[in-house]
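File shown: start_27.pdb (PDB, C-alpha atoms and all ligand atoms).
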MODEL        1
ATOM      1  CA  MET A   1     -78.202 199.119 113.624  1.00  0.00           C
ATOM      2  CA  ASN A   2     -81.601 200.253 112.376  1.00  0.00           C
ATOM      3  CA  LYS A   3     -83.972 200.893 115.303  1.00  0.00           C
ATOM      4  CA  ASP A   4     -87.051 199.976 113.279  1.00  0.00           C
ATOM      5  CA  CYS A   5     -85.645 196.687 112.030  1.00  0.00           C
ATOM      6  CA  ILE A   6     -86.705 193.472 113.746  1.00  0.00           C
ATOM      7  CA  PHE A   7     -83.740 191.484 112.445  1.00  0.00           C
ATOM      8  CA  CYS A   8     -81.326 194.141 113.779  1.00  0.00           C
ATOM      9  CA  LYS A   9     -82.929 193.665 117.178  1.00  0.00           C
ATOM     10  CA  ILE A  10     -82.758 189.877 116.962  1.00  0.00           C
ATOM     11  CA  ALA A  11     -79.217 189.799 115.546  1.00  0.00           C
ATOM     12  CA  ASN A  12     -77.953 192.083 118.290  1.00  0.00           C
ATOM     13  CA  GLY A  13     -79.756 190.206 121.079  1.00  0.00           C
ATOM     14  CA  GLU A  14     -82.313 192.900 121.918  1.00  0.00           C
ATOM     15  CA  ILE A  15     -85.082 190.440 121.093  1.00  0.00           C
ATOM     16  CA  PRO A  16     -84.432 186.859 122.223  1.00  0.00           C
ATOM     17  CA  SER A  17     -84.290 184.127 119.604  1.00  0.00           C
ATOM     18  CA  LYS A  18     -83.408 180.452 119.261  1.00  0.00           C
ATOM     19  CA  THR A  19     -79.761 181.000 118.439  1.00  0.00           C
ATOM     20  CA  LEU A  20     -77.772 178.220 116.768  1.00  0.00           C
ATOM     21  CA  TYR A  21     -74.536 180.131 116.258  1.00  0.00           C
ATOM     22  CA  GLU A  22     -73.118 183.565 117.003  1.00  0.00           C
ATOM     23  CA  ASP A  23     -69.881 185.390 116.261  1.00  0.00           C
ATOM     24  CA  SER A  24     -68.924 189.049 116.062  1.00  0.00           C
ATOM     25  CA  ASP A  25     -70.563 189.474 112.633  1.00  0.00           C
ATOM     26  CA  PHE A  26     -73.545 187.098 112.591  1.00  0.00           C
ATOM     27  CA  ARG A  27     -76.277 185.434 114.569  1.00  0.00           C
ATOM     28  CA  VAL A  28     -77.912 182.307 113.167  1.00  0.00           C
ATOM     29  CA  ILE A  29     -81.452 181.698 114.407  1.00  0.00           C
ATOM     30  CA  LEU A  30     -84.302 179.308 113.841  1.00  0.00           C
ATOM     31  CA  ASP A  31     -86.983 180.664 111.522  1.00  0.00           C
ATOM     32  CA  LEU A  32     -90.288 181.220 113.350  1.00  0.00           C
ATOM     33  CA  GLY A  33     -92.221 179.843 110.396  1.00  0.00           C
ATOM     34  CA  PRO A  34     -89.995 176.955 109.386  1.00  0.00           C
ATOM     35  CA  ALA A  35     -90.339 175.465 105.915  1.00  0.00           C
ATOM     36  CA  THR A  36     -88.857 172.267 107.347  1.00  0.00           C
ATOM     37  CA  LYS A  37     -87.468 171.061 110.680  1.00  0.00           C
ATOM     38  CA  GLY A  38     -84.339 173.097 111.421  1.00  0.00           C
ATOM     39  CA  HIS A  39     -84.947 175.968 108.940  1.00  0.00           C
ATOM     40  CA  ALA A  40     -82.471 178.643 110.012  1.00  0.00           C
ATOM     41  CA  LEU A  41     -81.632 182.233 109.091  1.00  0.00           C
ATOM     42  CA  ILE A  42     -78.159 183.747 108.965  1.00  0.00           C
ATOM     43  CA  LEU A  43     -78.403 187.379 110.084  1.00  0.00           C
ATOM     44  CA  PRO A  44     -75.539 189.863 109.846  1.00  0.00           C
ATOM     45  CA  LYS A  45     -75.415 192.031 112.987  1.00  0.00           C
ATOM     46  CA  GLU A  46     -74.875 195.150 110.934  1.00  0.00           C
ATOM     47  CA  HIS A  47     -77.961 196.338 109.067  1.00  0.00           C
ATOM     48  CA  ALA A  48     -77.942 195.937 105.300  1.00  0.00           C
ATOM     49  CA  GLU A  49     -81.228 195.800 103.458  1.00  0.00           C
ATOM     50  CA  ASN A  50     -80.210 193.261 100.852  1.00  0.00           C
ATOM     51  CA  LEU A  51     -77.352 191.764  98.860  1.00  0.00           C
ATOM     52  CA  TYR A  52     -76.742 195.008  96.980  1.00  0.00           C
ATOM     53  CA  ASP A  53     -76.131 196.855 100.257  1.00  0.00           C
ATOM     54  CA  LEU A  54     -74.157 194.162 102.063  1.00  0.00           C
ATOM     55  CA  PRO A  55     -70.503 195.189 102.577  1.00  0.00           C
ATOM     56  CA  GLU A  56     -68.248 192.940 100.511  1.00  0.00           C
ATOM     57  CA  ASN A  57     -66.264 191.757 103.544  1.00  0.00           C
ATOM     58  CA  THR A  58     -69.484 190.668 105.262  1.00  0.00           C
ATOM     59  CA  ALA A  59     -70.696 188.979 102.079  1.00  0.00           C
ATOM     60  CA  ALA A  60     -67.464 186.989 101.974  1.00  0.00           C
ATOM     61  CA  LYS A  61     -68.135 185.648 105.471  1.00  0.00           C
ATOM     62  CA  VAL A  62     -71.698 184.452 104.855  1.00  0.00           C
ATOM     63  CA  LEU A  63     -70.905 181.243 102.993  1.00  0.00           C
ATOM     64  CA  PRO A  64     -68.447 179.885 105.591  1.00  0.00           C
ATOM     65  CA  VAL A  65     -71.162 180.384 108.228  1.00  0.00           C
ATOM     66  CA  ALA A  66     -73.689 178.618 106.001  1.00  0.00           C
ATOM     67  CA  GLN A  67     -71.238 175.762 105.522  1.00  0.00           C
ATOM     68  CA  LYS A  68     -70.771 175.330 109.294  1.00  0.00           C
ATOM     69  CA  ILE A  69     -74.510 175.285 109.925  1.00  0.00           C
ATOM     70  CA  ALA A  70     -75.179 172.974 106.983  1.00  0.00           C
ATOM     71  CA  SER A  71     -72.616 170.447 108.231  1.00  0.00           C
ATOM     72  CA  LYS A  72     -74.117 170.538 111.721  1.00  0.00           C
ATOM     73  CA  MET A  73     -77.611 170.052 110.294  1.00  0.00           C
ATOM     74  CA  LYS A  74     -76.529 167.116 108.191  1.00  0.00           C
ATOM     75  CA  ALA A  75     -74.929 165.437 111.193  1.00  0.00           C
ATOM     76  CA  ALA A  76     -77.575 166.324 113.786  1.00  0.00           C
ATOM     77  CA  LEU A  77     -80.812 166.204 111.815  1.00  0.00           C
ATOM     78  CA  GLY A  78     -79.885 163.636 109.188  1.00  0.00           C
ATOM     79  CA  CYS A  79     -81.368 165.781 106.453  1.00  0.00           C
ATOM     80  CA  ASP A  80     -81.285 164.301 102.950  1.00  0.00           C
ATOM     81  CA  GLY A  81     -80.536 167.621 101.254  1.00  0.00           C
ATOM     82  CA  LEU A  82     -80.288 171.331 101.979  1.00  0.00           C
ATOM     83  CA  ASN A  83     -81.187 174.579 100.233  1.00  0.00           C
ATOM     84  CA  LEU A  84     -79.549 177.960 100.670  1.00  0.00           C
ATOM     85  CA  VAL A  85     -82.054 180.651  99.720  1.00  0.00           C
ATOM     86  CA  GLN A  86     -81.527 184.383  99.751  1.00  0.00           C
ATOM     87  CA  ASN A  87     -84.297 186.710  98.599  1.00  0.00           C
ATOM     88  CA  ASN A  88     -83.758 190.307  97.491  1.00  0.00           C
ATOM     89  CA  GLY A  89     -86.732 192.585  96.956  1.00  0.00           C
ATOM     90  CA  GLU A  90     -90.431 191.944  97.338  1.00  0.00           C
ATOM     91  CA  THR A  91     -90.656 190.541  93.829  1.00  0.00           C
ATOM     92  CA  ALA A  92     -88.182 187.850  94.828  1.00  0.00           C
ATOM     93  CA  GLY A  93     -90.092 187.070  98.018  1.00  0.00           C
ATOM     94  CA  GLN A  94     -88.173 189.182 100.538  1.00  0.00           C
ATOM     95  CA  THR A  95     -90.475 190.088 103.412  1.00  0.00           C
ATOM     96  CA  VAL A  96     -87.969 191.293 106.020  1.00  0.00           C
ATOM     97  CA  MET A  97     -85.774 194.067 104.666  1.00  0.00           C
ATOM     98  CA  HIS A  98     -82.589 193.080 106.493  1.00  0.00           C
ATOM     99  CA  PHE A  99     -80.278 190.782 104.518  1.00  0.00           C
ATOM    100  CA  HIS A 100     -80.624 187.153 105.564  1.00  0.00           C
ATOM    101  CA  MET A 101     -79.772 183.782 104.151  1.00  0.00           C
ATOM    102  CA  HIS A 102     -82.115 180.854 104.665  1.00  0.00           C
ATOM    103  CA  VAL A 103     -80.556 177.487 105.456  1.00  0.00           C
ATOM    104  CA  ILE A 104     -83.278 174.937 104.804  1.00  0.00           C
ATOM    105  CA  PRO A 105     -82.646 171.282 105.556  1.00  0.00           C
ATOM    106  CA  ARG A 106     -84.555 168.996 103.210  1.00  0.00           C
ATOM    107  CA  TYR A 107     -86.042 165.625 103.923  1.00  0.00           C
ATOM    108  CA  GLU A 108     -87.436 163.090 101.512  1.00  0.00           C
ATOM    109  CA  SER A 109     -91.201 163.635 101.408  1.00  0.00           C
ATOM    110  CA  ASP A 110     -91.030 166.998 103.220  1.00  0.00           C
ATOM    111  CA  GLY A 111     -93.579 168.256 100.711  1.00  0.00           C
ATOM    112  CA  GLN A 112     -91.799 171.582 100.177  1.00  0.00           C
ATOM    113  CA  LYS A 113     -91.225 173.163  96.797  1.00  0.00           C
ATOM    114  CA  ILE A 114     -88.285 175.504  96.430  1.00  0.00           C
ATOM    115  CA  GLY A 115     -87.421 176.342  92.879  1.00  0.00           C
ATOM    116  CA  TRP A 116     -88.669 177.618  89.579  1.00  0.00           C
ATOM    117  CA  VAL A 117     -90.249 176.456  86.373  1.00  0.00           C
ATOM    118  CA  PRO A 118     -87.445 176.044  83.810  1.00  0.00           C
ATOM    119  CA  GLY A 119     -87.900 178.274  80.781  1.00  0.00           C
ATOM    120  CA  GLN A 120     -86.396 178.261  77.308  1.00  0.00           C
ATOM    121  CA  ALA A 121     -83.935 180.546  75.572  1.00  0.00           C
ATOM    122  CA  THR A 122     -82.230 180.462  72.198  1.00  0.00           C
ATOM    123  CA  PRO A 123     -78.429 180.756  72.015  1.00  0.00           C
ATOM    124  CA  GLU A 124     -78.962 184.274  70.612  1.00  0.00           C
ATOM    125  CA  GLU A 125     -81.125 185.255  73.568  1.00  0.00           C
ATOM    126  CA  LEU A 126     -78.516 183.887  75.975  1.00  0.00           C
ATOM    127  CA  ASP A 127     -75.803 185.878  74.167  1.00  0.00           C
ATOM    128  CA  ALA A 128     -77.895 189.039  74.303  1.00  0.00           C
ATOM    129  CA  VAL A 129     -78.648 188.795  78.004  1.00  0.00           C
ATOM    130  CA  ALA A 130     -75.046 187.899  78.846  1.00  0.00           C
ATOM    131  CA  LYS A 131     -73.938 191.071  76.997  1.00  0.00           C
ATOM    132  CA  LEU A 132     -76.463 193.164  78.897  1.00  0.00           C
ATOM    133  CA  ILE A 133     -75.207 191.877  82.235  1.00  0.00           C
ATOM    134  CA  VAL A 134     -71.466 192.105  81.667  1.00  0.00           C
ATOM    135  CA  GLU A 135     -71.227 195.252  79.575  1.00  0.00           C
TER     136      GLU A 135
HETATM  137  P1  LIG A 201     -87.864 186.393 103.473  1.00  0.00           P
HETATM  138  O1  LIG A 201     -89.198 186.044 102.883  1.00  0.00           O
HETATM  139  O2  LIG A 201     -87.735 187.859 103.781  1.00  0.00           O
HETATM  140  O3  LIG A 201     -86.711 185.853 102.692  1.00  0.00           O
HETATM  141  O4  LIG A 201     -87.817 185.602 104.845  1.00  0.00           O
HETATM  142  C1  LIG A 201     -88.207 186.121 106.061  1.00  0.00           C
HETATM  143  C2  LIG A 201     -88.244 184.949 107.028  1.00  0.00           C
HETATM  144  O5  LIG A 201     -88.193 185.454 108.341  1.00  0.00           O
HETATM  145  C3  LIG A 201     -89.519 184.100 106.932  1.00  0.00           C
HETATM  146  O6  LIG A 201     -89.144 182.756 106.675  1.00  0.00           O
HETATM  147  C4  LIG A 201     -90.178 184.280 108.290  1.00  0.00           C
HETATM  148  O7  LIG A 201     -90.772 183.092 108.748  1.00  0.00           O
HETATM  149  C5  LIG A 201     -89.030 184.697 109.158  1.00  0.00           C
HETATM  150  N1  LIG A 201     -89.376 185.596 110.256  1.00  0.00           N
HETATM  151  C6  LIG A 201     -90.106 186.735 110.171  1.00  0.00           C
HETATM  152  N2  LIG A 201     -90.160 187.360 111.365  1.00  0.00           N
HETATM  153  C7  LIG A 201     -89.426 186.596 112.216  1.00  0.00           C
HETATM  154  C8  LIG A 201     -89.105 186.722 113.602  1.00  0.00           C
HETATM  155  O8  LIG A 201     -89.518 187.661 114.296  1.00  0.00           O
HETATM  156  N3  LIG A 201     -88.316 185.765 114.141  1.00  0.00           N
HETATM  157  C9  LIG A 201     -87.850 184.693 113.406  1.00  0.00           C
HETATM  158  N4  LIG A 201     -87.067 183.803 114.032  1.00  0.00           N
HETATM  159  N5  LIG A 201     -88.141 184.534 112.093  1.00  0.00           N
HETATM  160  C10 LIG A 201     -88.925 185.466 111.515  1.00  0.00           C
HETATM  161 ZN    ZN A 202     -81.696 195.467 110.278  1.00  0.00          ZN
ENDMDL
END
So, in terms of structure tokens, how does the structure I just supplied come out?
Ligand code: 5GP
Ligand code: ZN
Amino acid sequence: MNKDCIFCKIANGEIPSKTLYEDSDFRVILDLGPATKGHALILPKEHAENLYDLPENTAAKVLPVAQKIASKMKAALGCDGLNLVQNNGETAGQTVMHFHMHVIPRYESDGQKIGWVPGQATPEELDAVAKLIVE
């Protein structure tokens, strides 16, 4: 646990939060600035700044937690869709430097925009970038 990290304090119960789910590895809380009704955050209890630092065994447990919460949201809130969002680094929009995954229920006409502007790439450019990543 990092003593200067607010999400460490929340995940480990030092700061109270609206908790939706808890197990030995994670606490799932409601986001204080919700994008939509029910917007939740999955917080590992152990501090890791981002995806690069997250232990692989913890990473493997994140999606099953997201799936549980998503199913509950669908049933309880009647959302029409759902986004999983996970930001790494300021450039990508990360503001709290403790790994977290957003679970954002979506409703028709919720007015939110989560996404990107599609670009263009030639087959050669796709080949080149694929080589850079895998080699
Ligand atoms: P990021 O931009 O880092 O991916 O997301 C950080 C999220 O944490 C934001 O959606 C913000 O509203 C939420 N947040 C920041 N501080 C707190 C807090 O103290 N409690 C809760 N529940 N959410 C927080
Ligand atoms: Zn932390």
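Distances here use all atoms listed in the file; by that measure, the residue among A:Arg27, A:Lys68, A:His102, A:Lys61 closest to ligand LIG 201 (chain A) is A:His102.
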Explicit residue set for the PyMOL selection byres (((chain A and resi 104) around 6) and not hetatm), as a PyMOL selection string: chain A and resi 39+82-83+103+105
Distance of atom CA of Asn50 of chain A from atom CA of Gly89 of chain A, expressed in Å to one decimal place: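 We find that atom CA of Gly89 of chain A and atom CA of Asn50 of chain A lie 7.6 Å from each other.
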Each side padded by 5 Å, which centre and which edge lengths in Å (one decimal) define the axis-aligned box around the listed atoms of segment 14-20 of chain A? Give them as lines of an AutoDock Vina configuration file.
center_x = -81.4
center_y = 185.6
center_z = 119.5
size_x = 17.3
size_y = 24.7
size_z = 15.5
Two-atom distance - atom CA of Arg106 of chain A, atom CA of Pro44 of chain A (Å): 23.7 Å
Option closest in space to ligand ZN 202 (chain A), from A:Phe26, A:Tyr52, A:Trp116, A:Phe7 [counting only C-alpha atoms and all ligand atoms]: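 For ligand ZN 202 (chain A), the nearest of the given residues is A:Phe7.
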Selection within 6 Å of ligand ZN 202 (chain A) by all atoms listed in the file, output as number ranges by chain: A: 2, 5, 7-8, 47, 98
Å distance separating atom N3 of ligand LIG 201 (chain A) from atom CA of Glu46 of chain A, one decimal place: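 A separation of 16.7 Å between them.
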Expected selection as a PyMOL selection string for ligand LIG 201 (chain A) within 12 Å, all atoms listed in the file: chain A and resi 5-11+13-20+27-36+38-43+49-51+84-104
Nearest residue to Glu108 of chain A from the set A:Cys79, A:Leu126, A:Ala59, A:Met73 (distances using all atoms listed in the file):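 The shortest atom-to-atom distance to Glu108 of chain A comes from A:Cys79.
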